[in-house]
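Colleague: Just so it is clear, I am handing over final_14.csv, which has CSV, C-alpha atoms.
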```
chain,number,residue,atom,x,y,z
A,1,MET,CA,-46.4,-51.3,-67.6
A,2,THR,CA,-46.9,-49.7,-71.0
A,3,SER,CA,-49.4,-47.0,-71.6
A,4,GLU,CA,-51.7,-49.5,-73.3
A,5,GLN,CA,-51.5,-52.0,-70.4
A,6,ILE,CA,-52.4,-49.2,-68.0
A,7,LYS,CA,-55.5,-48.2,-70.1
A,8,GLU,CA,-56.6,-51.9,-70.3
A,9,ILE,CA,-56.7,-52.1,-66.5
A,10,LEU,CA,-58.1,-48.6,-65.9
A,11,LYS,CA,-61.0,-49.1,-68.3
A,12,THR,CA,-62.3,-52.0,-66.1
A,13,LYS,CA,-62.5,-49.8,-63.0
A,14,LYS,CA,-65.0,-47.2,-61.7
A,15,VAL,CA,-64.1,-44.1,-59.7
A,16,GLY,CA,-66.5,-42.0,-57.6
A,17,ILE,CA,-66.0,-38.2,-57.3
A,18,ALA,CA,-67.9,-36.7,-54.3
A,19,GLY,CA,-67.9,-32.9,-55.1
A,20,CYS,CA,-67.2,-31.3,-58.5
A,21,GLY,CA,-65.4,-28.1,-57.3
A,22,GLY,CA,-61.7,-27.3,-57.4
A,23,LEU,CA,-60.6,-30.8,-56.2
A,24,GLY,CA,-63.2,-32.9,-57.9
A,25,SER,CA,-63.2,-31.3,-61.4
A,26,ASN,CA,-59.5,-31.2,-61.7
A,27,CYS,CA,-59.0,-34.7,-60.2
A,28,ALA,CA,-61.6,-36.1,-62.7
A,29,ALA,CA,-59.9,-34.4,-65.6
A,30,ALA,CA,-56.5,-36.0,-64.7
A,31,LEU,CA,-58.1,-39.4,-64.2
A,32,VAL,CA,-59.8,-39.3,-67.6
A,33,ARG,CA,-56.5,-38.2,-69.3
A,34,ALA,CA,-54.8,-41.1,-67.5
A,35,GLY,CA,-57.3,-43.6,-68.9
A,36,VAL,CA,-60.2,-43.9,-66.4
A,37,VAL,CA,-63.4,-44.3,-68.3
A,38,ASN,CA,-66.1,-45.1,-65.7
A,39,LEU,CA,-67.0,-42.3,-63.3
A,40,VAL,CA,-69.8,-41.4,-60.9
A,41,ILE,CA,-69.8,-37.6,-60.3
A,42,VAL,CA,-71.9,-35.9,-57.7
A,43,ASP,CA,-72.5,-32.3,-56.9
A,44,PHE,CA,-75.6,-30.1,-56.2
A,45,ASP,CA,-73.9,-26.8,-57.0
A,46,VAL,CA,-73.9,-24.3,-59.8
A,47,VAL,CA,-70.8,-22.9,-61.6
A,48,GLU,CA,-70.0,-19.3,-60.4
A,49,GLU,CA,-67.6,-16.8,-61.9
A,50,SER,CA,-65.5,-17.0,-58.7
A,51,ASN,CA,-65.0,-20.7,-59.3
A,52,LEU,CA,-63.1,-20.1,-62.6
A,53,ASN,CA,-59.8,-19.2,-60.7
A,54,ARG,CA,-59.3,-23.0,-60.0
A,55,GLN,CA,-62.2,-25.2,-61.3
A,56,PHE,CA,-62.4,-27.0,-64.6
A,57,TYR,CA,-65.2,-24.9,-66.1
A,58,PHE,CA,-65.3,-22.1,-68.6
A,59,PHE,CA,-66.7,-18.6,-68.7
A,60,ASP,CA,-69.7,-19.5,-70.9
A,61,GLN,CA,-70.7,-22.2,-68.3
A,62,VAL,CA,-71.3,-19.8,-65.4
A,63,GLY,CA,-74.8,-20.5,-64.1
A,64,LEU,CA,-74.9,-24.1,-65.2
A,65,LYS,CA,-75.2,-27.1,-62.9
A,66,LYS,CA,-71.7,-28.4,-62.0
A,67,SER,CA,-72.1,-32.2,-62.3
A,68,PRO,CA,-73.7,-32.4,-65.8
A,69,THR,CA,-71.3,-29.6,-67.0
A,70,LEU,CA,-68.3,-31.5,-65.7
A,71,LYS,CA,-69.5,-34.5,-67.7
A,72,GLU,CA,-69.7,-32.4,-70.8
A,73,ASN,CA,-66.1,-31.1,-70.3
A,74,LEU,CA,-64.7,-34.5,-69.6
A,75,LEU,CA,-66.4,-35.9,-72.8
A,76,ARG,CA,-64.4,-33.3,-74.7
A,77,ILE,CA,-61.2,-35.1,-73.5
A,78,ASN,CA,-62.5,-38.6,-74.3
A,79,ARG,CA,-65.8,-39.2,-76.2
A,80,GLY,CA,-65.9,-42.8,-75.0
A,81,LEU,CA,-66.5,-42.1,-71.3
A,82,ASP,CA,-69.2,-43.7,-69.2
A,83,ILE,CA,-70.2,-41.1,-66.6
A,84,THR,CA,-73.1,-41.3,-64.2
A,85,VAL,CA,-74.2,-37.8,-63.0
A,86,HIS,CA,-76.1,-37.0,-59.9
A,87,ASP,CA,-77.2,-33.4,-59.3
A,88,LEU,CA,-77.7,-33.7,-55.6
A,89,ARG,CA,-76.2,-33.3,-52.2
A,90,VAL,CA,-74.3,-36.3,-50.7
A,91,THR,CA,-75.6,-37.3,-47.3
A,92,THR,CA,-75.0,-40.1,-44.8
A,93,GLY,CA,-78.1,-41.8,-46.2
A,94,ASN,CA,-77.1,-41.9,-49.9
A,95,VAL,CA,-73.4,-42.5,-49.9
A,96,GLU,CA,-73.7,-46.2,-50.2
A,97,SER,CA,-76.3,-46.2,-53.0
A,98,LEU,CA,-74.3,-43.5,-54.9
A,99,PHE,CA,-70.8,-44.9,-54.7
A,100,GLY,CA,-71.3,-48.6,-53.7
A,101,SER,CA,-70.4,-49.8,-57.2
A,102,CYS,CA,-67.1,-47.8,-57.3
A,103,ASP,CA,-63.6,-49.2,-56.8
A,104,VAL,CA,-62.3,-46.0,-55.3
A,105,LEU,CA,-63.9,-42.9,-53.9
A,106,VAL,CA,-62.5,-39.4,-54.1
A,107,GLU,CA,-63.5,-36.9,-51.3
A,108,ALA,CA,-63.6,-33.5,-53.0
A,109,PHE,CA,-65.9,-31.4,-50.8
A,110,ASP,CA,-65.3,-27.9,-49.8
A,111,LEU,CA,-66.5,-27.8,-46.2
A,112,ALA,CA,-64.9,-29.5,-43.2
A,113,ASP,CA,-68.3,-30.9,-41.9
A,114,GLN,CA,-69.0,-32.5,-45.3
A,115,LYS,CA,-65.6,-34.1,-45.4
A,116,ALA,CA,-66.1,-35.4,-41.9
A,117,MET,CA,-69.5,-36.8,-42.8
A,118,LEU,CA,-68.1,-38.7,-45.8
A,119,ILE,CA,-65.1,-40.1,-44.0
A,120,GLU,CA,-67.2,-41.2,-41.0
A,121,THR,CA,-69.9,-42.8,-43.3
A,122,VAL,CA,-67.3,-44.7,-45.4
A,123,LEU,CA,-65.5,-45.9,-42.3
A,124,ASP,CA,-68.8,-47.0,-40.7
A,125,ARG,CA,-70.6,-48.5,-43.6
A,126,MET,CA,-68.1,-49.2,-46.4
A,127,PRO,CA,-64.8,-49.9,-44.5
A,128,GLU,CA,-63.3,-51.7,-47.5
A,129,MET,CA,-63.8,-48.7,-49.8
A,130,PRO,CA,-60.5,-46.8,-50.5
A,131,LEU,CA,-61.2,-43.1,-49.9
A,132,VAL,CA,-58.8,-40.5,-51.2
A,133,VAL,CA,-59.2,-37.2,-49.2
A,134,GLY,CA,-58.0,-33.7,-50.1
A,135,LEU,CA,-57.1,-31.8,-47.0
A,136,GLY,CA,-55.4,-28.4,-46.7
A,137,LEU,CA,-54.8,-26.6,-50.0
A,138,ALA,CA,-55.5,-22.9,-49.5
A,139,GLY,CA,-53.1,-20.1,-50.6
A,140,TRP,CA,-50.0,-20.4,-52.7
A,141,GLY,CA,-46.4,-21.5,-52.5
A,142,ARG,CA,-45.2,-23.7,-49.6
A,143,ASN,CA,-44.8,-26.8,-51.8
A,144,GLU,CA,-42.7,-28.5,-49.1
A,145,MET,CA,-45.8,-28.7,-46.8
A,146,ILE,CA,-47.9,-30.7,-49.2
A,147,HIS,CA,-47.7,-34.4,-48.4
A,148,TYR,CA,-49.5,-37.7,-48.6
A,149,ARG,CA,-50.2,-40.3,-45.8
A,150,ARG,CA,-52.3,-43.3,-45.4
A,151,MET,CA,-54.6,-44.1,-42.5
A,152,GLY,CA,-56.0,-47.6,-43.2
A,153,ASN,CA,-58.2,-47.3,-46.3
A,154,ILE,CA,-58.2,-43.5,-46.0
A,155,TYR,CA,-55.5,-41.8,-48.2
A,156,ILE,CA,-54.8,-38.2,-47.3
A,157,CYS,CA,-53.4,-35.6,-49.8
A,158,GLY,CA,-52.7,-32.0,-48.8
A,159,ASP,CA,-50.9,-30.0,-46.1
A,160,GLU,CA,-53.6,-30.7,-43.5
A,161,ILE,CA,-53.2,-27.1,-42.1
A,162,SER,CA,-54.1,-24.5,-44.7
A,163,GLU,CA,-57.8,-23.8,-44.3
A,164,VAL,CA,-59.5,-21.4,-46.8
A,165,THR,CA,-60.1,-17.9,-45.3
A,166,GLU,CA,-60.6,-14.4,-46.7
A,167,GLU,CA,-56.8,-13.9,-46.6
A,168,LEU,CA,-55.9,-17.3,-47.8
A,169,PRO,CA,-58.1,-18.1,-50.8
A,170,PRO,CA,-57.9,-21.3,-52.8
A,171,LEU,CA,-56.0,-20.8,-56.1
A,172,ALA,CA,-55.6,-23.0,-59.1
A,173,PRO,CA,-51.9,-24.0,-58.6
A,174,ARG,CA,-52.1,-25.3,-55.1
A,175,VAL,CA,-55.6,-26.8,-55.5
A,176,GLY,CA,-54.4,-28.4,-58.7
A,177,ILE,CA,-51.4,-30.0,-57.0
A,178,VAL,CA,-53.7,-31.6,-54.3
A,179,ALA,CA,-56.3,-32.6,-56.9
A,180,CYS,CA,-53.6,-34.3,-59.1
A,181,MET,CA,-52.1,-35.9,-56.0
A,182,GLN,CA,-55.5,-37.4,-55.3
A,183,ALA,CA,-55.7,-38.6,-59.0
A,184,ASN,CA,-52.2,-40.0,-58.7
A,185,THR,CA,-53.2,-41.9,-55.6
A,186,VAL,CA,-56.3,-43.3,-57.3
A,187,VAL,CA,-54.3,-44.5,-60.2
A,188,GLU,CA,-51.8,-46.2,-57.8
A,189,ILE,CA,-54.7,-48.0,-56.0
A,190,LEU,CA,-56.3,-49.1,-59.3
A,191,LEU,CA,-53.1,-50.4,-60.8
A,192,LYS,CA,-52.2,-52.4,-57.7
B,193,MET,CA,-49.3,-46.3,-21.0
B,194,LYS,CA,-47.5,-46.2,-24.3
B,195,ILE,CA,-49.4,-45.7,-27.5
B,196,THR,CA,-48.9,-44.9,-31.1
B,197,LEU,CA,-50.4,-41.5,-31.9
B,198,ASN,CA,-50.5,-40.5,-35.6
B,199,ASN,CA,-47.6,-42.9,-36.3
B,200,ASN,CA,-45.5,-41.4,-33.5
B,201,PHE,CA,-44.7,-42.9,-30.1
B,202,ALA,CA,-46.5,-41.3,-27.2
B,203,LYS,CA,-46.3,-41.9,-23.5
B,204,PHE,CA,-48.8,-41.0,-20.8
B,205,THR,CA,-48.7,-41.3,-17.0
B,206,GLN,CA,-52.3,-42.6,-16.9
B,207,GLU,CA,-53.1,-46.3,-17.4
B,208,THR,CA,-56.0,-45.5,-19.6
B,209,LEU,CA,-57.6,-42.3,-21.0
B,210,THR,CA,-61.0,-41.6,-22.6
B,211,VAL,CA,-60.7,-40.2,-26.1
B,212,ARG,CA,-61.8,-36.8,-24.8
B,213,GLU,CA,-59.1,-36.9,-22.1
B,214,LEU,CA,-56.5,-37.8,-24.7
B,215,LEU,CA,-57.6,-34.8,-26.8
B,216,GLN,CA,-57.3,-32.5,-23.8
B,217,GLU,CA,-53.9,-34.0,-22.8
B,218,ARG,CA,-52.6,-33.2,-26.3
B,219,ASN,CA,-54.4,-29.8,-26.5
B,220,TYR,CA,-56.4,-30.8,-29.6
B,221,THR,CA,-59.0,-28.0,-29.7
B,222,PHE,CA,-60.2,-28.7,-33.2
B,223,LYS,CA,-63.9,-29.2,-33.8
B,224,MET,CA,-63.8,-31.4,-36.9
B,225,LEU,CA,-62.0,-34.6,-36.0
B,226,VAL,CA,-62.1,-38.2,-37.2
B,227,ILE,CA,-60.5,-40.5,-34.6
B,228,LYS,CA,-59.7,-44.2,-35.0
B,229,ILE,CA,-58.4,-46.6,-32.3
B,230,ASN,CA,-56.7,-49.6,-33.8
B,231,GLY,CA,-58.4,-48.9,-37.1
B,232,VAL,CA,-61.9,-48.6,-35.7
B,233,LEU,CA,-63.8,-45.3,-35.9
B,234,VAL,CA,-64.8,-43.7,-32.6
B,235,LYS,CA,-68.0,-41.8,-33.0
B,236,LYS,CA,-68.3,-38.4,-31.4
B,237,ALA,CA,-71.0,-39.6,-29.0
B,238,ASP,CA,-68.5,-42.1,-27.7
B,239,TYR,CA,-65.6,-39.7,-26.9
B,240,ASP,CA,-66.4,-39.8,-23.2
B,241,THR,CA,-66.6,-43.6,-23.0
B,242,ALA,CA,-64.1,-45.0,-25.5
B,243,LEU,CA,-60.9,-45.9,-23.8
B,244,VAL,CA,-57.4,-45.7,-25.0
B,245,LYS,CA,-55.0,-48.2,-23.4
B,246,ASP,CA,-51.5,-49.4,-23.5
B,247,GLY,CA,-50.3,-50.5,-27.0
B,248,ASP,CA,-53.2,-48.9,-28.9
B,249,ASP,CA,-52.7,-47.3,-32.3
B,250,VAL,CA,-54.6,-44.0,-32.3
B,251,THR,CA,-55.0,-41.8,-35.4
B,252,VAL,CA,-56.5,-38.3,-35.4
B,253,LEU,CA,-57.5,-36.6,-38.6
B,254,HIS,CA,-58.2,-32.8,-38.4
B,255,LEU,CA,-60.6,-31.7,-41.0
B,256,ILE,CA,-60.4,-28.2,-42.5
B,257,SER,CA,-62.4,-26.5,-45.3
B,258,GLY,CA,-61.2,-26.0,-48.9
B,259,GLY,CA,-61.8,-27.9,-52.1
```
Written as structure tokens, how would this file's structure read?
Modeller:
Amino acid sequence: MTSEQIKEILKTKKVGIAGCGGLGSNCAAALVRAGVVNLVIVDFDVVEESNLNRQFYFFDQVGLKKSPTLKENLLRINRGLDITVHDLRVTTGNVESLFGSCDVLVEAFDLADQKAMLIETVLDRMPEMPLVVGLGLAGWGRNEMIHYRRMGNIYICGDEISEVTEELPPLAPRVGIVACMQANTVVEILLK
Amino acid sequence: MKITLNNNFAKFTQETLTVRELLQERNYTFKMLVIKINGVLVKKADYDTALVKDGDDVTVLHLISGG
């Protein structure tokens, strides 16, 4: 497939991004650069200075709401994007209405219980929806541990072991690897 | 019984196990798990009643924070 053929296919698809932190913001940027035009991005949070070590925001954006700010940053890559923004918390009750129109959904939450909530809700209510999960990305190095596996319609990217702690913080390189692995998986699903 | 556990072959002396018994057998102590038997989600409330039997394909996903 040529670059033009890929863009022709990708512009007919829609991708949901649940969480606009380290995984979601970087995954969305990679998808937009690859040619994805239609996105639904959801987050309730605000950009903090501590986020700038890995998330796709800038110093002058500290204090702003993440989801509309991410939209602004993505539009600086491609002015022709069609992005739906929701500044709210994803819950069991709104997953279907938020992401029902998407072809693929990216799980990009921070906390384990939020990840569990989304996976369980998708398996229960939208079993046909491909869900690309980021799991295990804290720290640095250890490239050989990062992997990809599929569990039905759940696609898992990460090392599945490295949880964020005080001594093992999330840093741009390793978070970025997993976020781009998620984007790579989304592109593969969409081009199939 | 013989089952597939996370894509690996696994053998147990018991004929059947509940999901909770299976987790104990394998020393899974994690709190945040998503479990599927033959592709079907097992809800947490059903861990004591859902049965794993010979030939089943069981997948266990352990969720950890970071994103």
Colleague: Would you compute an axis-aligned box for stretch 56-63 of chain A, covering every atom listed for it in the file with 3 Å of margin on each side, and report centre and edge lengths in Å to one decimal as JSON?
Modeller:
```
{"center_x": -68.6, "center_y": -22.8, "center_z": -67.5, "size_x": 18.4, "size_y": 14.4, "size_z": 12.8}
```
Colleague: Would you mind listing what lies within 10 Å of stretch 51-68 of chain A as a ChimeraX atom specification, with only C-alpha atoms counted and same-chain residues fewer than 2 positions away left out?
Modeller: /A:17,19-29,40-49,70-74,83-88,170-176 /B:259
Colleague: What are the residues of chain B lining chain A at 9 Å or less? Count all atoms listed in the file, and put the answer as a list of chain:residue names.
Modeller: B:Asn198, B:Met224, B:Leu225, B:Val226, B:Gly231, B:Val232, B:Leu233, B:Lys235, B:Thr251, B:Leu253, B:His254, B:Leu255, B:Ile256, B:Ser257, B:Gly258, B:Gly259
Colleague: Save out the residues we just selected, C-alpha atoms, as a PDB file, in the frame of the given file.
Modeller:
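Output (result_7.pdb):
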```pdb
ATOM      1  CA  ASN B 198     -50.500 -40.500 -35.600  1.00  0.00           C
ATOM      2  CA  MET B 224     -63.800 -31.400 -36.900  1.00  0.00           C
ATOM      3  CA  LEU B 225     -62.000 -34.600 -36.000  1.00  0.00           C
ATOM      4  CA  VAL B 226     -62.100 -38.200 -37.200  1.00  0.00           C
ATOM      5  CA  GLY B 231     -58.400 -48.900 -37.100  1.00  0.00           C
ATOM      6  CA  VAL B 232     -61.900 -48.600 -35.700  1.00  0.00           C
ATOM      7  CA  LEU B 233     -63.800 -45.300 -35.900  1.00  0.00           C
ATOM      8  CA  LYS B 235     -68.000 -41.800 -33.000  1.00  0.00           C
ATOM      9  CA  THR B 251     -55.000 -41.800 -35.400  1.00  0.00           C
ATOM     10  CA  LEU B 253     -57.500 -36.600 -38.600  1.00  0.00           C
ATOM     11  CA  HIS B 254     -58.200 -32.800 -38.400  1.00  0.00           C
ATOM     12  CA  LEU B 255     -60.600 -31.700 -41.000  1.00  0.00           C
ATOM     13  CA  ILE B 256     -60.400 -28.200 -42.500  1.00  0.00           C
ATOM     14  CA  SER B 257     -62.400 -26.500 -45.300  1.00  0.00           C
ATOM     15  CA  GLY B 258     -61.200 -26.000 -48.900  1.00  0.00           C
ATOM     16  CA  GLY B 259     -61.800 -27.900 -52.100  1.00  0.00           C
TER      17      GLY B 259
END
```
Colleague: Just the residues within 6 Å of stretch 208-215 of chain B, please, counting only C-alpha atoms, with nothing from its chain fewer than 4 positions along; format it as a VMD selection string.
Modeller: chain B and resid 219 to 220 239 to 245
Colleague: Next, write the just-selected residues to a file, as a CSV table (one decimal), keeping the file's coordinate frame, keeping C-alpha atoms as the atom set.
Modeller:
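Below is the file that was written, selection_30.csv:
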```csv
chain,number,residue,atom,x,y,z
B,219,ASN,CA,-54.4,-29.8,-26.5
B,220,TYR,CA,-56.4,-30.8,-29.6
B,239,TYR,CA,-65.6,-39.7,-26.9
B,240,ASP,CA,-66.4,-39.8,-23.2
B,241,THR,CA,-66.6,-43.6,-23.0
B,242,ALA,CA,-64.1,-45.0,-25.5
B,243,LEU,CA,-60.9,-45.9,-23.8
B,244,VAL,CA,-57.4,-45.7,-25.0
B,245,LYS,CA,-55.0,-48.2,-23.4
```
Colleague: State, in Å with one decimal place, the distance from atom CA of A:Gly158 to atom CA of A:Ala30.
Modeller: 16.8 Å
Colleague: Let me make sure I understand: among A:Ile154, A:Cys180, A:Leu168, A:Val106, which one has the smallest atom-to-atom distance to B:Val252 if we use all atoms listed in the file?
Modeller: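 Between A:Ile154, A:Cys180, A:Leu168, A:Val106, the residue approaching B:Val252 most closely is A:Ile154.
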Colleague: Which residue gives the smallest distance to A:Phe99 among A:Leu10, A:Val32, A:Leu118, A:Ile77, with all atoms listed in the file counted?
Modeller: A:Leu118
Colleague: Between A:Ala34, A:Ala183, A:Leu98, A:Val90, which is the closest to A:Ile9 once you count all atoms listed in the file?
Modeller: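 That would be A:Ala34, the residue with the smallest distance to A:Ile9.
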Colleague: I'd like the neighbourhood of B:Met193 as a PyMOL selection string, where a residue qualifies if any of its atoms comes within 6 Å (using only C-alpha atoms), though same-chain residues fewer than 2 positions away should be ignored.
Modeller: chain B and resi 203-204+207+246
Colleague: Name the residues in contact with A:Val187 at a cut-off of 10 Å, using all atoms listed in the file, excluding same-chain residues fewer than 5 positions from it; report them as an MDAnalysis selection string.
Modeller: chainID A and resid 6 10 15 30:31 34:36 104 181:182 192
Colleague: What gap, in Å, lies between atom CA of B:Ile227 and atom CA of A:Arg142?
Modeller: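 That distance, rounded to one decimal, is 27.2 Å.
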Colleague: Rounded to one decimal in Å, what is the spacing between atom CA of A:Glu4 and atom CA of A:Ala18?
Modeller: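 Atom CA of A:Ala18 lies at a distance of 28.1 Å from atom CA of A:Glu4.
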Colleague: Counting all atoms listed in the file, figure out which residue out of B:Thr205, B:Asn200, B:Gln216, B:Thr221 gets nearest to B:Asp248.
Modeller: B:Asn200
